[in-house]
Amino acid sequence: MLYRLVAFLFFAKFFSVIQSIGEVEMLPQYGRGDSLPSGALASLPSLEAFINSLYLKAKAKCHELMLEALETKDSDSLLMSPEAFKKNVAMPLLKIGFEDWFVDAFFHSRNSPWRALERLGKDTVVFEPKVETQMKEVRRTVLSILDKKEEDRQALEGYEAVFGLWGQGANRPSEDQKSKGLPATSYPWIILPRAFVVLEKNNSLIFVCYTNALRRENTLPFIKILSRIIIEFVGNFTLKYASGLNNVSRLGEALVYGYSAMFWKNLLTPPPGLQDLMMFENFFRMAKAIQHRYALQNDPLLAMISQMGHVRSMLFWKLSLQPLPEASHSYGVIMPIALRHGTPGIQSCIRFFGLGPALFKNRTPAGLPYSDIPRQLQLFLRELGKRWDEESEITKKSARIFLERILQMYDKRHLLKLVKSGQDHRLPFIGAWVRGLVSNFAPHLN
């Protein structure tokens, strides 16, 4: 009996430590760069060139499949006035990471379901009282959660996660969600755009309600919810109501490649002002969902999705119970890209270069052996220094915050305490090396 009690307490402590650090990646969904060309990880420009090549490949393939699936012609265009299209469609979509060519391809094609928007004139006002009321209610909830304690803010993530991407199992909220202050009356609003099975053809006008709300919005957590809904709405509605198709799976492929192109573009250059929202995640999620829904199995498409997963996992690290083999890859050279994404990028860099908990001796939360930290940090700072003048102010600010936290984490007195508690006896030496590297980089920070 005593043995069981001790075992229970040990595992309770184990998982409390895990949760305090971040999300656990028990079995990584993707490998750590195994499917990428070795040259792609040689330097930051090498990876950027590789990503750009994948972007161009996905864009070209999307155009090719669109011509086939929707009979798109250069002369095709919506009858909606250019001013109305720009205001109600183009500007909101560009704000969250779409590109002009994608918007034109899917909204101006001959068989596009979005042609219902042609009735909108320059001064037309789309107003759906029920939708507007529900949006205001959700927004109030978001703001009220932000005013609470930090742990309560996790409800925002739960608010999104509880709903299936295609509307499966999302008919009503759980009691746990209700207990976190999320209004039950707002659930139909949050479910509708994602639920492929319940979409109706006249919902294209409701789409304009969402885009207008996005155009006016400046609260990041609510923009996050709106952007995910709009990105999924575009894909679901296009697939369900495109007319005259002999093979809808070809349109599905076109959308997968289109969303893949948006993923690569937003990974390298996040939308201005929305760096913290990791917008590329929405495109990645939707590309995978479409591939799964239509069981698309052609090798180039599967390779594209796999490569998205590989690069994403190398830039945004989770807590890993599987150690990285020492010197397996020079991941440090590509980590400056993560810092372009604000707070999530800072957190990823800390997981990669920071100190792990006592239960994971001698490696960082991402699984990097302590002995390899100085080498990887040196590569990281060298690449960051080369590109310092070209990076945005957001990236520079993220770099400063990250390096300040690294200096605090590798403080000499802190490391000595860790050694006394049973951590790697080499930590003081590693810490001195780390502090020296950061000190040498200091002129860039001024």
# chains A, B, ... in the order shown; residues from 1 in each chain; ligands from 1
>>> residues_around(residues="Ile373 (chain A)", least_positions_apart="5", cutoff="10 Å", atoms="only C-alpha atoms", output="mmCIF file with N, CA and C atoms, in the first residue's frame")
data_model
loop_
_atom_site.group_PDB
_atom_site.id
_atom_site.type_symbol
_atom_site.label_atom_id
_atom_site.label_comp_id
_atom_site.auth_asym_id
_atom_site.auth_seq_id
_atom_site.Cartn_x
_atom_site.Cartn_y
_atom_site.Cartn_z
ATOM 1 N N GLU A 326 23.283 14.171 -30.150
ATOM 2 C CA GLU A 326 24.238 15.270 -30.130
ATOM 3 C C GLU A 326 24.823 15.498 -31.520
ATOM 4 N N ALA A 327 24.851 16.774 -31.919
ATOM 5 C CA ALA A 327 25.452 17.203 -33.197
ATOM 6 C C ALA A 327 24.760 16.570 -34.409
ATOM 7 N N GLY A 332 20.560 25.297 -34.608
ATOM 8 C CA GLY A 332 20.741 26.664 -34.138
ATOM 9 C C GLY A 332 20.755 27.691 -35.254
ATOM 10 N N PHE A 352 14.569 25.282 -26.632
ATOM 11 C CA PHE A 352 15.691 24.669 -27.331
ATOM 12 C C PHE A 352 17.018 24.924 -26.619
ATOM 13 N N PHE A 353 17.249 26.159 -26.163
ATOM 14 C CA PHE A 353 18.541 26.522 -25.566
ATOM 15 C C PHE A 353 18.514 26.537 -24.041
ATOM 16 N N GLY A 354 17.332 26.508 -23.436
ATOM 17 C CA GLY A 354 17.234 26.672 -21.988
ATOM 18 C C GLY A 354 17.517 25.396 -21.221
ATOM 19 N N LEU A 355 17.508 25.524 -19.908
ATOM 20 C CA LEU A 355 17.792 24.390 -19.030
ATOM 21 C C LEU A 355 16.536 23.570 -18.803
ATOM 22 N N ARG A 363 19.884 17.732 -20.484
ATOM 23 C CA ARG A 363 19.390 18.181 -21.776
ATOM 24 C C ARG A 363 18.304 19.232 -21.601
ATOM 25 N N THR A 364 18.106 20.012 -22.650
ATOM 26 C CA THR A 364 17.129 21.099 -22.621
ATOM 27 C C THR A 364 15.718 20.532 -22.765
ATOM 28 N N LEU A 368 17.901 18.841 -26.454
ATOM 29 C CA LEU A 368 19.281 19.117 -26.861
ATOM 30 C C LEU A 368 20.230 18.826 -25.696
ATOM 31 N N GLN A 378 26.167 29.396 -30.576
ATOM 32 C CA GLN A 378 27.126 30.134 -31.403
ATOM 33 C C GLN A 378 26.641 30.222 -32.852
ATOM 34 N N LEU A 379 26.109 29.112 -33.376
ATOM 35 C CA LEU A 379 25.559 29.113 -34.734
ATOM 36 C C LEU A 379 24.366 30.059 -34.830
ATOM 37 N N ILE A 430 29.613 25.340 -18.990
ATOM 38 C CA ILE A 430 28.710 25.628 -20.113
ATOM 39 C C ILE A 430 28.101 27.019 -19.956
ATOM 40 N N GLY A 431 27.705 27.369 -18.712
ATOM 41 C CA GLY A 431 27.123 28.671 -18.445
ATOM 42 C C GLY A 431 28.079 29.808 -18.751
ATOM 43 N N TRP A 433 30.475 29.791 -20.893
ATOM 44 C CA TRP A 433 30.586 29.850 -22.355
ATOM 45 C C TRP A 433 29.374 30.583 -22.940
ATOM 46 N N VAL A 434 28.193 30.226 -22.458
ATOM 47 C CA VAL A 434 26.961 30.860 -22.948
ATOM 48 C C VAL A 434 26.974 32.357 -22.666
#
>>> residues_around(residues="Glu391 (chain A)", least_positions_apart="4", cutoff="12 Å", atoms="only C-alpha atoms", output="ChimeraX atom specification")
/A:268-269,336-341,383-387,395-399,444
>>> write_last_selection(atoms="C-alpha atoms", output="CSV table (one decimal), in the first residue's frame")
chain,number,residue,atom,x,y,z
A,268,LEU,CA,9.0,33.3,-43.3
A,269,THR,CA,7.1,36.6,-43.1
A,336,PRO,CA,16.2,33.2,-35.9
A,337,ILE,CA,13.2,32.5,-38.1
A,338,ALA,CA,11.2,31.5,-34.9
A,339,LEU,CA,11.9,34.9,-33.4
A,340,ARG,CA,10.0,36.5,-36.2
A,341,HIS,CA,6.9,35.2,-34.5
A,383,GLU,CA,23.3,33.8,-38.3
A,384,LEU,CA,21.3,36.3,-36.3
A,385,GLY,CA,24.2,38.8,-36.5
A,386,LYS,CA,24.5,38.4,-40.2
A,387,ARG,CA,20.9,39.2,-40.7
A,395,THR,CA,12.4,40.1,-34.5
A,396,LYS,CA,15.0,42.3,-32.8
A,397,LYS,CA,12.8,42.9,-29.8
A,398,SER,CA,12.2,39.1,-29.5
A,399,ALA,CA,16.0,38.5,-29.7
A,444,HIS,CA,24.1,44.2,-32.0
>>> atom_distance(atom1="CA of Trp114 (chain A)", atom2="CA of Leu296 (chain A)")
24.3 Å
>>> atom_distance(atom1="CA of Phe233 (chain A)", atom2="CA of Arg215 (chain A)")
16.2 Å
>>> closest_residue(among="A:Ile206, A:Met314, A:Ile231, A:Leu267", to="Val131 (chain A)", atoms="only C-alpha atoms")
A:Ile206
>>> select_by_dssp(residues="region 317-441 of chain A", states="alpha helix (DSSP H)", output="MDAnalysis selection string")
chainID A and resid 336:339 342:353 373:386 393:409 412:420 427:441
>>> closest_residue(among="A:Leu445, A:Gly367, A:Leu301, A:Phe429", to="Lys57 (chain A)", atoms="only C-alpha atoms")
A:Leu301
>>> closest_residue(among="A:Ser392, A:Arg405, A:Cys62, A:Ile305", to="Ala289 (chain A)", atoms="only C-alpha atoms")
A:Ile305
>>> closest_residue(among="A:Arg285, A:Arg228, A:Lys318, A:Thr238", to="Ser109 (chain A)", atoms="only C-alpha atoms")
A:Thr238
